[in-house]
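J.: I am sharing input_16.csv, which consists of CSV, C-alpha atoms and all ligand atoms:
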chain,number,residue,atom,x,y,z
A,1,MET,CA,61.7,-82.0,-65.1
A,2,SER,CA,58.2,-80.7,-65.5
A,3,ILE,CA,55.2,-82.8,-66.3
A,4,ASP,CA,51.9,-81.6,-67.8
A,5,VAL,CA,49.3,-81.5,-65.0
A,6,ASN,CA,45.8,-80.2,-65.8
A,7,PRO,CA,43.1,-79.8,-63.0
A,8,LEU,CA,39.9,-81.7,-63.7
A,9,SER,CA,37.7,-79.8,-61.3
A,10,GLY,CA,37.9,-76.9,-58.8
A,11,SER,CA,37.9,-79.3,-55.8
A,12,LEU,CA,40.3,-82.2,-56.7
A,13,GLY,CA,41.6,-84.3,-59.5
A,14,ALA,CA,44.1,-83.6,-62.2
A,15,GLU,CA,45.0,-85.2,-65.5
A,16,ILE,CA,48.5,-86.1,-66.6
A,17,ARG,CA,49.2,-86.9,-70.3
A,18,GLY,CA,52.4,-87.8,-72.1
A,19,LEU,CA,53.9,-90.1,-69.5
A,20,ASP,CA,54.5,-93.9,-69.9
A,21,LEU,CA,54.2,-95.1,-66.3
A,22,ALA,CA,56.4,-98.1,-67.2
A,23,ASP,CA,59.3,-95.7,-67.8
A,24,VAL,CA,59.2,-92.8,-65.4
A,25,ASP,CA,62.5,-91.2,-64.3
A,26,PRO,CA,63.1,-90.1,-60.7
A,27,ALA,CA,62.5,-86.4,-61.5
A,28,GLU,CA,59.2,-87.2,-63.2
A,29,PHE,CA,58.3,-89.4,-60.3
A,30,ALA,CA,59.0,-86.6,-57.8
A,31,ALA,CA,56.8,-84.3,-59.9
A,32,ILE,CA,54.0,-86.9,-59.8
A,33,GLN,CA,54.3,-87.1,-56.0
A,34,SER,CA,54.0,-83.3,-55.6
A,35,ALA,CA,51.0,-83.2,-58.0
A,36,PHE,CA,49.4,-86.0,-56.0
A,37,LEU,CA,49.7,-84.0,-52.7
A,38,GLU,CA,48.2,-81.0,-54.4
A,39,HIS,CA,45.4,-82.6,-56.4
A,40,HIS,CA,44.7,-85.8,-54.4
A,41,VAL,CA,43.5,-87.7,-57.4
A,42,LEU,CA,45.6,-88.2,-60.6
A,43,ALA,CA,44.4,-89.6,-63.9
A,44,PHE,CA,47.2,-90.8,-66.1
A,45,ARG,CA,45.9,-91.3,-69.7
A,46,ASP,CA,46.9,-93.7,-72.4
A,47,GLN,CA,48.7,-96.3,-70.3
A,48,LYS,CA,49.4,-99.9,-71.6
A,49,LEU,CA,50.6,-101.6,-68.4
A,50,THR,CA,50.9,-105.3,-67.8
A,51,PRO,CA,50.0,-106.5,-64.3
A,52,GLU,CA,53.8,-106.7,-63.6
A,53,GLN,CA,54.3,-103.1,-64.7
A,54,GLN,CA,51.4,-101.8,-62.6
A,55,ILE,CA,52.8,-103.6,-59.6
A,56,ALA,CA,56.3,-102.2,-60.3
A,57,PHE,CA,54.8,-98.6,-60.6
A,58,GLY,CA,52.8,-99.2,-57.3
A,59,ARG,CA,56.0,-100.3,-55.5
A,60,ARG,CA,57.6,-96.9,-56.2
A,61,TRP,CA,54.9,-95.4,-54.0
A,62,GLY,CA,55.5,-97.8,-51.1
A,63,GLU,CA,54.9,-101.3,-50.0
A,64,LEU,CA,51.8,-102.9,-51.6
A,65,SER,CA,49.1,-104.3,-49.5
A,66,ILE,CA,47.2,-107.6,-50.0
A,67,HIS,CA,43.5,-107.0,-49.4
A,68,PRO,CA,42.5,-108.8,-46.1
A,69,ILE,CA,39.0,-109.8,-47.4
A,70,VAL,CA,38.6,-109.3,-51.2
A,71,PRO,CA,40.1,-112.0,-53.6
A,72,HIS,CA,43.1,-111.2,-55.7
A,73,LEU,CA,44.1,-111.7,-59.4
A,74,ASP,CA,45.5,-115.2,-60.0
A,75,GLY,CA,49.2,-115.1,-59.7
A,76,HIS,CA,49.2,-111.5,-58.5
A,77,PRO,CA,48.2,-111.1,-54.9
A,78,GLU,CA,48.9,-107.4,-55.1
A,79,ILE,CA,46.1,-106.8,-57.6
A,80,VAL,CA,42.4,-106.8,-56.8
A,81,PRO,CA,40.2,-107.2,-59.9
A,82,ILE,CA,37.1,-105.1,-59.8
A,83,THR,CA,34.5,-106.6,-62.1
A,84,ASN,CA,30.8,-106.1,-62.7
A,85,SER,CA,29.1,-108.6,-60.5
A,86,GLY,CA,25.7,-106.9,-60.8
A,87,LYS,CA,24.3,-103.8,-59.1
A,88,LYS,CA,22.9,-105.8,-56.2
A,89,ARG,CA,26.2,-107.3,-55.4
A,90,SER,CA,28.3,-104.2,-55.9
A,91,LEU,CA,30.6,-103.6,-52.9
A,92,THR,CA,31.9,-100.3,-54.0
A,93,GLU,CA,28.8,-98.3,-54.8
A,94,ILE,CA,29.0,-96.5,-51.4
A,95,TRP,CA,31.3,-93.7,-50.3
A,96,HIS,CA,34.4,-95.1,-48.6
A,97,SER,CA,38.1,-94.7,-47.9
A,98,ASP,CA,39.8,-98.0,-48.7
A,99,VAL,CA,40.1,-100.5,-45.8
A,100,SER,CA,39.6,-97.8,-43.2
A,101,PHE,CA,38.9,-100.6,-40.7
A,102,ASP,CA,42.6,-101.5,-40.8
A,103,PRO,CA,45.0,-100.3,-38.1
A,104,THR,CA,47.2,-98.8,-40.9
A,105,PRO,CA,44.8,-98.1,-43.8
A,106,PRO,CA,46.2,-97.7,-47.3
A,107,LYS,CA,47.9,-94.4,-48.2
A,108,ALA,CA,46.9,-94.6,-51.8
A,109,SER,CA,45.1,-96.8,-54.3
A,110,GLY,CA,45.3,-97.1,-58.1
A,111,LEU,CA,42.8,-98.4,-60.6
A,112,LEU,CA,43.9,-99.4,-64.1
A,113,VAL,CA,41.3,-99.8,-66.7
A,114,VAL,CA,41.1,-103.2,-68.3
A,115,GLU,CA,37.8,-102.7,-70.0
A,116,VAL,CA,35.4,-99.8,-69.8
A,117,PRO,CA,31.6,-100.1,-70.5
A,118,PRO,CA,30.2,-98.2,-73.5
A,119,PHE,CA,28.7,-95.7,-71.1
A,120,GLY,CA,28.4,-95.1,-67.4
A,121,GLY,CA,30.5,-96.8,-64.6
A,122,ASP,CA,32.1,-93.5,-63.5
A,123,THR,CA,33.8,-93.0,-60.1
A,124,LEU,CA,33.1,-90.2,-57.8
A,125,PHE,CA,35.8,-88.7,-55.6
A,126,ALA,CA,35.4,-86.3,-52.6
A,127,ASN,CA,38.0,-84.0,-51.1
A,128,GLN,CA,37.9,-84.5,-47.3
A,129,HIS,CA,40.2,-81.5,-46.6
A,130,LEU,CA,37.7,-79.2,-48.2
A,131,ALA,CA,34.8,-80.9,-46.4
A,132,TYR,CA,36.5,-80.3,-43.1
A,133,ASP,CA,37.5,-76.7,-43.9
A,134,ARG,CA,33.9,-75.8,-44.6
A,135,LEU,CA,32.6,-76.9,-41.2
A,136,SER,CA,32.0,-74.1,-38.6
A,137,GLY,CA,34.5,-73.4,-35.9
A,138,GLY,CA,32.0,-74.8,-33.3
A,139,MET,CA,31.7,-78.1,-35.1
A,140,LYS,CA,35.5,-78.3,-35.6
A,141,ALA,CA,36.0,-77.8,-31.9
A,142,MET,CA,33.4,-80.5,-31.1
A,143,LEU,CA,35.1,-83.0,-33.4
A,144,SER,CA,38.5,-82.4,-32.0
A,145,GLY,CA,39.6,-85.5,-30.0
A,146,LEU,CA,36.6,-87.5,-31.1
A,147,ARG,CA,37.2,-91.0,-32.4
A,148,ALA,CA,35.1,-93.4,-34.4
A,149,ILE,CA,34.9,-97.2,-34.9
A,150,HIS,CA,35.5,-98.5,-38.4
A,151,SER,CA,34.4,-102.1,-39.2
A,152,GLY,CA,34.9,-104.5,-42.1
A,153,ALA,CA,32.1,-106.7,-40.9
A,154,GLY,CA,29.7,-105.6,-43.6
A,155,LEU,CA,32.3,-106.2,-46.3
A,156,GLY,CA,33.2,-109.6,-44.8
A,157,ALA,CA,29.5,-110.6,-44.7
A,158,ALA,CA,29.0,-109.5,-48.3
A,159,MET,CA,32.0,-111.7,-49.3
A,160,GLY,CA,30.6,-114.7,-47.4
A,161,LYS,CA,33.4,-114.3,-44.8
A,162,ALA,CA,31.3,-113.0,-41.9
A,163,GLU,CA,33.2,-115.1,-39.4
A,164,THR,CA,36.2,-112.8,-39.9
A,165,TRP,CA,34.5,-109.7,-38.5
A,166,ARG,CA,36.3,-109.8,-35.2
A,167,GLU,CA,39.7,-109.3,-36.9
A,168,HIS,CA,38.5,-106.3,-38.9
A,169,GLY,CA,37.7,-103.3,-36.8
A,170,GLN,CA,39.6,-100.3,-35.6
A,171,VAL,CA,39.2,-96.9,-33.8
A,172,HIS,CA,40.5,-93.8,-35.7
A,173,PRO,CA,40.3,-90.1,-35.1
A,174,VAL,CA,37.3,-88.4,-36.8
A,175,VAL,CA,39.6,-85.7,-38.1
A,176,ARG,CA,43.0,-86.9,-39.3
A,177,THR,CA,46.1,-84.9,-40.1
A,178,HIS,CA,47.6,-85.7,-43.4
A,179,PRO,CA,51.1,-87.1,-42.6
A,180,GLU,CA,52.8,-85.3,-45.6
A,181,THR,CA,51.0,-82.0,-45.8
A,182,GLY,CA,49.8,-81.5,-42.3
A,183,ARG,CA,46.3,-80.6,-43.5
A,184,PRO,CA,43.2,-81.8,-41.5
A,185,ALA,CA,40.7,-84.0,-43.2
A,186,LEU,CA,37.4,-85.6,-42.2
A,187,TYR,CA,37.9,-89.3,-41.7
A,188,VAL,CA,34.5,-91.0,-41.3
A,189,ASN,CA,32.9,-92.8,-44.2
A,190,PRO,CA,29.5,-94.6,-44.7
A,191,GLY,CA,31.2,-97.7,-46.0
A,192,PHE,CA,33.0,-98.6,-42.8
A,193,THR,CA,32.4,-96.2,-40.0
A,194,VAL,CA,29.7,-97.6,-37.6
A,195,ALA,CA,29.7,-95.3,-34.5
A,196,PHE,CA,31.7,-92.9,-32.4
A,197,GLU,CA,33.8,-94.4,-29.6
A,198,ASP,CA,31.8,-94.8,-26.4
A,199,MET,CA,28.5,-94.0,-28.1
A,200,THR,CA,25.8,-96.3,-29.5
A,201,ILE,CA,25.0,-96.6,-33.2
A,202,ALA,CA,21.7,-94.8,-32.7
A,203,GLU,CA,23.4,-91.9,-30.8
A,204,SER,CA,26.1,-91.7,-33.4
A,205,LYS,CA,23.9,-91.7,-36.5
A,206,PRO,CA,22.7,-88.1,-36.6
A,207,LEU,CA,26.2,-86.6,-36.4
A,208,LEU,CA,27.6,-89.2,-38.7
A,209,ASP,CA,24.9,-88.4,-41.3
A,210,LEU,CA,25.7,-84.7,-41.0
A,211,LEU,CA,29.4,-85.4,-41.5
A,212,HIS,CA,28.7,-87.7,-44.5
A,213,ALA,CA,26.6,-85.0,-46.1
A,214,ALA,CA,29.4,-82.5,-45.6
A,215,GLY,CA,31.9,-85.0,-46.9
A,216,HIS,CA,30.1,-85.6,-50.1
A,217,ALA,CA,28.7,-82.2,-50.9
A,218,PRO,CA,28.6,-81.6,-54.7
A,219,ASP,CA,31.2,-78.8,-54.5
A,220,VAL,CA,33.9,-81.1,-52.9
A,221,CYS,CA,33.4,-83.8,-55.5
A,222,TYR,CA,35.0,-84.8,-58.9
A,223,ARG,CA,33.3,-87.4,-61.2
A,224,HIS,CA,35.8,-89.4,-63.2
A,225,ARG,CA,34.6,-90.7,-66.6
A,226,TRP,CA,36.8,-93.6,-67.5
A,227,GLN,CA,38.6,-93.8,-70.8
A,228,PRO,CA,40.6,-96.8,-72.2
A,229,GLY,CA,44.1,-96.6,-70.9
A,230,ASP,CA,43.4,-94.7,-67.7
A,231,LEU,CA,45.2,-95.3,-64.5
A,232,VAL,CA,43.8,-93.3,-61.6
A,233,MET,CA,45.7,-93.0,-58.3
A,234,TRP,CA,44.0,-91.4,-55.2
A,235,ASP,CA,45.0,-90.5,-51.7
A,236,ASN,CA,42.9,-92.4,-49.2
A,237,ARG,CA,44.1,-90.0,-46.4
A,238,SER,CA,42.3,-87.1,-48.0
A,239,VAL,CA,39.7,-88.5,-50.4
A,240,GLN,CA,36.7,-90.8,-50.4
A,241,HIS,CA,35.4,-92.5,-53.5
A,242,HIS,CA,32.2,-94.1,-54.7
A,243,ALA,CA,31.6,-96.3,-57.8
A,244,VAL,CA,28.5,-95.5,-59.9
A,245,HIS,CA,26.8,-98.7,-61.1
A,246,ASP,CA,24.7,-97.4,-63.9
A,247,HIS,CA,26.1,-99.6,-66.7
A,248,GLY,CA,23.7,-102.6,-66.3
A,249,ASP,CA,25.4,-105.9,-67.3
A,250,ALA,CA,28.1,-104.3,-69.5
A,251,ILE,CA,31.6,-105.5,-68.7
A,252,ARG,CA,33.6,-103.1,-66.6
A,253,THR,CA,36.9,-104.4,-65.3
A,254,MET,CA,39.6,-102.6,-63.4
A,255,HIS,CA,42.8,-103.8,-61.6
A,256,ARG,CA,43.4,-102.2,-58.3
A,257,ILE,CA,46.7,-101.8,-56.4
A,258,THR,CA,46.8,-100.5,-52.9
A,259,ILE,CA,49.8,-98.9,-51.1
A,260,ILE,CA,50.2,-99.5,-47.3
A,261,GLY,CA,49.8,-96.3,-45.2
A,262,ASP,CA,50.3,-95.4,-41.6
A,263,ALA,CA,48.0,-95.2,-38.5
A,264,PRO,CA,45.7,-92.1,-38.8
A,265,ARG,CA,46.6,-89.3,-36.3
A,301,LIG,O1,35.3,-99.4,-59.4
A,301,LIG,C1,35.4,-98.2,-58.9
A,301,LIG,O2,35.0,-97.3,-59.6
A,301,LIG,C2,35.8,-98.0,-57.5
A,301,LIG,C3,36.5,-99.2,-56.9
A,301,LIG,C4,36.5,-99.0,-55.4
A,301,LIG,O3,35.7,-98.4,-54.8
A,301,LIG,C5,37.6,-99.6,-54.7
A,301,LIG,O4,38.5,-100.2,-55.3
A,301,LIG,O5,37.7,-99.5,-53.5
Translate this structure into structure tokens?
T.:
Amino acid sequence: MSIDVNPLSGSLGAEIRGLDLADVDPAEFAAIQSAFLEHHVLAFRDQKLTPEQQIAFGRRWGELSIHPIVPHLDGHPEIVPITNSGKKRSLTEIWHSDVSFDPTPPKASGLLVVEVPPFGGDTLFANQHLAYDRLSGGMKAMLSGLRAIHSGAGLGAAMGKAETWREHGQVHPVVRTHPETGRPALYVNPGFTVAFEDMTIAESKPLLDLLHAAGHAPDVCYRHRWQPGDLVMWDNRSVQHHAVHDHGDAIRTMHRITIIGDAPR
């Protein structure tokens, strides 16, 4: 069974039209999985999914996670509603890989449009395989074996749950190997990575800044402009993302599901 997959940029992202995600057969699902590993971000257009159908589609990818800090949709712990709480209170307007402070961060996440603003509110995605590939041999050698500390303390504090910070921290390799494709990817992000292991925050900052610049270079990015009916799935093992809060007070509501992953290696 072939599905229609059209790349959305030269770096990552592809669009899939003509599928109803509430009714995908096993061959179509296998084709979706293979497009996901190739393009890292998939935008499915024209979906009309209920929360139950979004959860059922998510379960085909693996076990769904319940976010450790952010509140969930009433009656549906698997869904995190992302709403416009104002630019100053936006938690997602920063490059990050979802819940990277967890011992087993999510393999994938999926955002379903509930309501898009009349303009703006795009999401940026960045391909961390390409970012790694473009580093020099010397830098790659230096990063090999290096590990970094990821913390959810900032997110906890922003959610008024600062007391939980001790539970939400983890050390991960700076370069992880994708468990399904074997490709190396940079795995540090400004949202949650605070320092390298056995180094101070001040000592870590210059190299972290350099890696973040490499990780978000314009030519490793794709900018998704949301349309009604979009469901976008991304691979947290190879991609970082960043919401763009340029839509003022306009309503922008998404429903996120998150699929449990494995420990980065
Ligand atoms: O709302 C967005 O565009 C991105 C949401 C996000 O960053 C997240 O769910 O982690």
J.: What is the distance, in Å and to one decimal place, between atom CA of Gln227 of chain A and atom CA of Ala43 of chain A?
T.: 9.9 Å
J.: What lies within 8 Å of segment 6-10 of chain A using all atoms listed in the file, ignoring chain neighbours under 5 positions off, as a ChimeraX atom specification?
T.: /A:15-16,39,222
J.: Selected residues, C-alpha atoms, written as a compact mmCIF listing (two decimals), in the coordinates of the input, please.
T.:
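For reference, result-v7.txt as written:
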# COMPACT_ATOMS: atom_id res chain seq x y z
CA GLU A 15 45.00 -85.20 -65.50
CA ILE A 16 48.50 -86.10 -66.60
CA HIS A 39 45.40 -82.60 -56.40
CA TYR A 222 35.00 -84.80 -58.90
J.: Each residue of segment 43-133 of chain A lying at most 12 Å from segment 168-171 of chain A should get a row with its shortest atom-to-atom pair and the distance in Å to one decimal, counting only C-alpha atoms; could you produce that, ordered by chain and increasing number, as CSV?
T.:
residue,atom,partner,partner_atom,distance
A:His67,CA,A:His168,CA,11.7
A:Pro68,CA,A:His168,CA,8.6
A:Ile69,CA,A:His168,CA,9.2
A:Val99,CA,A:His168,CA,9.2
A:Ser100,CA,A:Gln170,CA,8.0
A:Phe101,CA,A:Gly169,CA,4.9
A:Asp102,CA,A:Gln170,CA,6.1
A:Pro103,CA,A:Gln170,CA,6.0
A:Thr104,CA,A:Gln170,CA,9.4
A:Pro105,CA,A:Gln170,CA,10.0
J.: Using Å and a single decimal, report how far atom CA of Arg183 of chain A sits from atom CA of Asn127 of chain A.
T.: 11.8 Å
J.: Just how far from atom CA of Tyr187 of chain A is atom CA of His242 of chain A, in Å to one decimal?
T.: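 Atom-to-atom, atom CA of His242 of chain A and atom CA of Tyr187 of chain A are spaced 15.0 Å apart.
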J.: Ligand LIG 301 (chain A): which residues are within 7 Å, counting only C-alpha atoms and all ligand atoms? Reply as a ChimeraX atom specification.
T.: /A:82,92-93,98,121-123,241-244,254,256
J.: Print the selection's residues with C-alpha atoms to a file, as a PDB file, in the frame of the given file.
T.:
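And here is the file that came out, out08.pdb:
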ATOM      1  CA  ILE A  82      37.100-105.100 -59.800  1.00  0.00           C
ATOM      2  CA  THR A  92      31.900-100.300 -54.000  1.00  0.00           C
ATOM      3  CA  GLU A  93      28.800 -98.300 -54.800  1.00  0.00           C
ATOM      4  CA  ASP A  98      39.800 -98.000 -48.700  1.00  0.00           C
ATOM      5  CA  GLY A 121      30.500 -96.800 -64.600  1.00  0.00           C
ATOM      6  CA  ASP A 122      32.100 -93.500 -63.500  1.00  0.00           C
ATOM      7  CA  THR A 123      33.800 -93.000 -60.100  1.00  0.00           C
ATOM      8  CA  HIS A 241      35.400 -92.500 -53.500  1.00  0.00           C
ATOM      9  CA  HIS A 242      32.200 -94.100 -54.700  1.00  0.00           C
ATOM     10  CA  ALA A 243      31.600 -96.300 -57.800  1.00  0.00           C
ATOM     11  CA  VAL A 244      28.500 -95.500 -59.900  1.00  0.00           C
ATOM     12  CA  MET A 254      39.600-102.600 -63.400  1.00  0.00           C
ATOM     13  CA  ARG A 256      43.400-102.200 -58.300  1.00  0.00           C
TER      14      ARG A 256
END
J.: List every protein, DNA or RNA residue that has an atom no more than 8 Å from (31.7, -88.4, -48.8) in the file's coordinate frame, counting all atoms listed in the file, and report them as a PDB file with C-alpha atoms, keeping the file's coordinate frame.
T.:
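Output file result28.pdb follows:
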ATOM      1  CA  TRP A  95      31.300 -93.700 -50.300  1.00  0.00           C
ATOM      2  CA  HIS A  96      34.400 -95.100 -48.600  1.00  0.00           C
ATOM      3  CA  PHE A 125      35.800 -88.700 -55.600  1.00  0.00           C
ATOM      4  CA  ALA A 126      35.400 -86.300 -52.600  1.00  0.00           C
ATOM      5  CA  GLN A 128      37.900 -84.500 -47.300  1.00  0.00           C
ATOM      6  CA  ASN A 189      32.900 -92.800 -44.200  1.00  0.00           C
ATOM      7  CA  PRO A 190      29.500 -94.600 -44.700  1.00  0.00           C
ATOM      8  CA  HIS A 212      28.700 -87.700 -44.500  1.00  0.00           C
ATOM      9  CA  ALA A 213      26.600 -85.000 -46.100  1.00  0.00           C
ATOM     10  CA  ALA A 214      29.400 -82.500 -45.600  1.00  0.00           C
ATOM     11  CA  GLY A 215      31.900 -85.000 -46.900  1.00  0.00           C
ATOM     12  CA  HIS A 216      30.100 -85.600 -50.100  1.00  0.00           C
ATOM     13  CA  ALA A 217      28.700 -82.200 -50.900  1.00  0.00           C
ATOM     14  CA  GLN A 240      36.700 -90.800 -50.400  1.00  0.00           C
ATOM     15  CA  HIS A 241      35.400 -92.500 -53.500  1.00  0.00           C
TER      16      HIS A 241
END
J.: Please provide as a PyMOL selection string all residues within 7 Å of segment 87-89 of chain A, with the sequence filter that same-chain residues fewer than 2 positions apart are discarded (counting only C-alpha atoms).
T.: chain A and resi 85+91+245
J.: Near Ile260 of chain A, counting only C-alpha atoms, which residues have an atom at most 7 Å away, once you skip same-chain residues fewer than 2 positions from it, shown as a list of chain:residue names?
T.: A:Gly62, A:Glu63, A:Leu64, A:Ser65, A:Pro105, A:Pro106, A:Lys107, A:Thr258
J.: Closest to Asp25 of chain A among A:Phe192, A:Val239, A:Thr50, A:Ser2, using all atoms listed in the file?
T.: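 Closest to Asp25 of chain A, using all atoms listed in the file: A:Ser2.
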J.: Using all atoms listed in the file, pick whichever of A:Ala141, A:Leu111, A:Ile257, A:Ala195 has the shortest atom-to-atom distance to Arg45 of chain A.
T.: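 So, comparing all the options, the nearest one is A:Leu111.
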J.: Set up a box along x, y and z of the file covering all listed atoms of segment 247-265 of chain A, add 6 Å on every one of the six sides, and write the centre and edge lengths in Å to one decimal, as JSON.
T.:
{"center_x": 37.0, "center_y": -97.6, "center_z": -52.9, "size_x": 38.6, "size_y": 28.6, "size_z": 45.2}
J.: Name the closest residue to Ala153 of chain A among the candidates A:Gly137, A:Gly75, A:Gly191, A:Gly86; distances are taken between atoms, counting all atoms listed in the file.
T.: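 Of all the options, A:Gly191 lies closest to Ala153 of chain A.
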J.: Counting all atoms listed in the file, which residue out of A:Arg60, A:Lys140, A:Ala157, A:His172 sits closest to Ala30 of chain A?
T.: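 Using all atoms listed in the file, Ala30 of chain A sits closest to A:Arg60.
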J.: Quick one: of A:Thr193, A:Ser136, A:Thr181, A:Ser109, who's nearest to Trp61 of chain A, counting all atoms listed in the file?
T.: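 Of A:Thr193, A:Ser136, A:Thr181, A:Ser109, the one nearest Trp61 of chain A, counting all atoms listed in the file, is A:Ser109.
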J.: Go through A:Leu143, A:Phe196, A:Leu12, A:Asp4 and flag the residue nearest Ala31 of chain A, using all atoms listed in the file for the distances.
T.: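 Ranked by minimum distance to Ala31 of chain A, first place goes to A:Asp4.
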J.: Applying 9 Å and all atoms listed in the file, which residues near segment 230-233 of chain A remain after dropping the ones on its own chain fewer than 6 positions away? List them as a short mmCIF file (atom, residue, chain, number, x, y, z; two decimals) with C-alpha atoms, in the coordinates of the input.
T.:
data_model
loop_
_atom_site.label_atom_id
_atom_site.label_comp_id
_atom_site.auth_asym_id
_atom_site.auth_seq_id
_atom_site.Cartn_x
_atom_site.Cartn_y
_atom_site.Cartn_z
CA PHE A 36 49.40 -86.00 -56.00
CA HIS A 40 44.70 -85.80 -54.40
CA VAL A 41 43.50 -87.70 -57.40
CA LEU A 42 45.60 -88.20 -60.60
CA ALA A 43 44.40 -89.60 -63.90
CA PHE A 44 47.20 -90.80 -66.10
CA ARG A 45 45.90 -91.30 -69.70
CA ASP A 46 46.90 -93.70 -72.40
CA GLN A 47 48.70 -96.30 -70.30
CA LYS A 48 49.40 -99.90 -71.60
CA ALA A 108 46.90 -94.60 -51.80
CA SER A 109 45.10 -96.80 -54.30
CA GLY A 110 45.30 -97.10 -58.10
CA LEU A 111 42.80 -98.40 -60.60
CA LEU A 112 43.90 -99.40 -64.10
CA VAL A 113 41.30 -99.80 -66.70
CA VAL A 114 41.10 -103.20 -68.30
#
J.: Put segment 169-182 of chain A into a file with N, CA, C and O atoms, as a CSV table (one decimal), in the first residue's frame.
T.:
chain,number,residue,atom,x,y,z
A,169,GLY,N,15.1,15.3,36.8
A,169,GLY,CA,16.5,15.6,36.3
A,169,GLY,C,17.1,14.3,35.8
A,169,GLY,O,16.8,13.2,36.4
A,170,GLN,N,17.9,14.3,34.8
A,170,GLN,CA,18.5,13.1,34.2
A,170,GLN,C,19.7,13.5,33.5
A,170,GLN,O,19.8,14.6,32.9
A,171,VAL,N,20.7,12.5,33.4
A,171,VAL,CA,21.9,12.7,32.6
A,171,VAL,C,21.8,11.9,31.3
A,171,VAL,O,21.4,10.7,31.4
A,172,HIS,N,22.0,12.5,30.2
A,172,HIS,CA,21.9,11.8,28.9
A,172,HIS,C,23.1,12.1,28.0
A,172,HIS,O,23.8,13.1,28.2
A,173,PRO,N,23.4,11.2,27.1
A,173,PRO,CA,24.6,11.5,26.2
A,173,PRO,C,24.3,12.7,25.3
A,173,PRO,O,23.1,13.0,25.0
A,174,VAL,N,25.3,13.5,25.0
A,174,VAL,CA,25.2,14.7,24.2
A,174,VAL,C,24.8,14.3,22.8
A,174,VAL,O,24.2,15.1,22.1
A,175,VAL,N,25.4,13.2,22.3
A,175,VAL,CA,25.0,12.7,21.0
A,175,VAL,C,24.3,11.3,21.2
A,175,VAL,O,24.9,10.4,21.8
A,176,ARG,N,23.1,11.2,20.8
A,176,ARG,CA,22.4,9.9,20.9
A,176,ARG,C,22.3,9.2,19.6
A,176,ARG,O,22.3,9.9,18.5
A,177,THR,N,22.2,7.9,19.7
A,177,THR,CA,22.0,7.1,18.4
A,177,THR,C,20.6,6.8,18.3
A,177,THR,O,20.0,6.2,19.2
A,178,HIS,N,20.0,7.1,17.2
A,178,HIS,CA,18.5,6.8,17.0
A,178,HIS,C,18.3,5.3,17.1
A,178,HIS,O,19.0,4.5,16.3
A,179,PRO,N,17.4,4.8,18.0
A,179,PRO,CA,17.3,3.4,18.2
A,179,PRO,C,16.8,2.6,17.0
A,179,PRO,O,17.0,1.4,16.9
A,180,GLU,N,16.1,3.3,16.0
A,180,GLU,CA,15.6,2.6,14.9
A,180,GLU,C,16.4,2.7,13.6
A,180,GLU,O,16.4,1.8,12.8
A,181,THR,N,17.1,3.9,13.5
A,181,THR,CA,17.8,4.1,12.2
A,181,THR,C,19.3,4.0,12.4
A,181,THR,O,20.1,3.9,11.5
A,182,GLY,N,19.8,4.1,13.7
A,182,GLY,CA,21.2,4.1,14.0
A,182,GLY,C,21.9,5.4,13.7
A,182,GLY,O,23.1,5.5,13.8
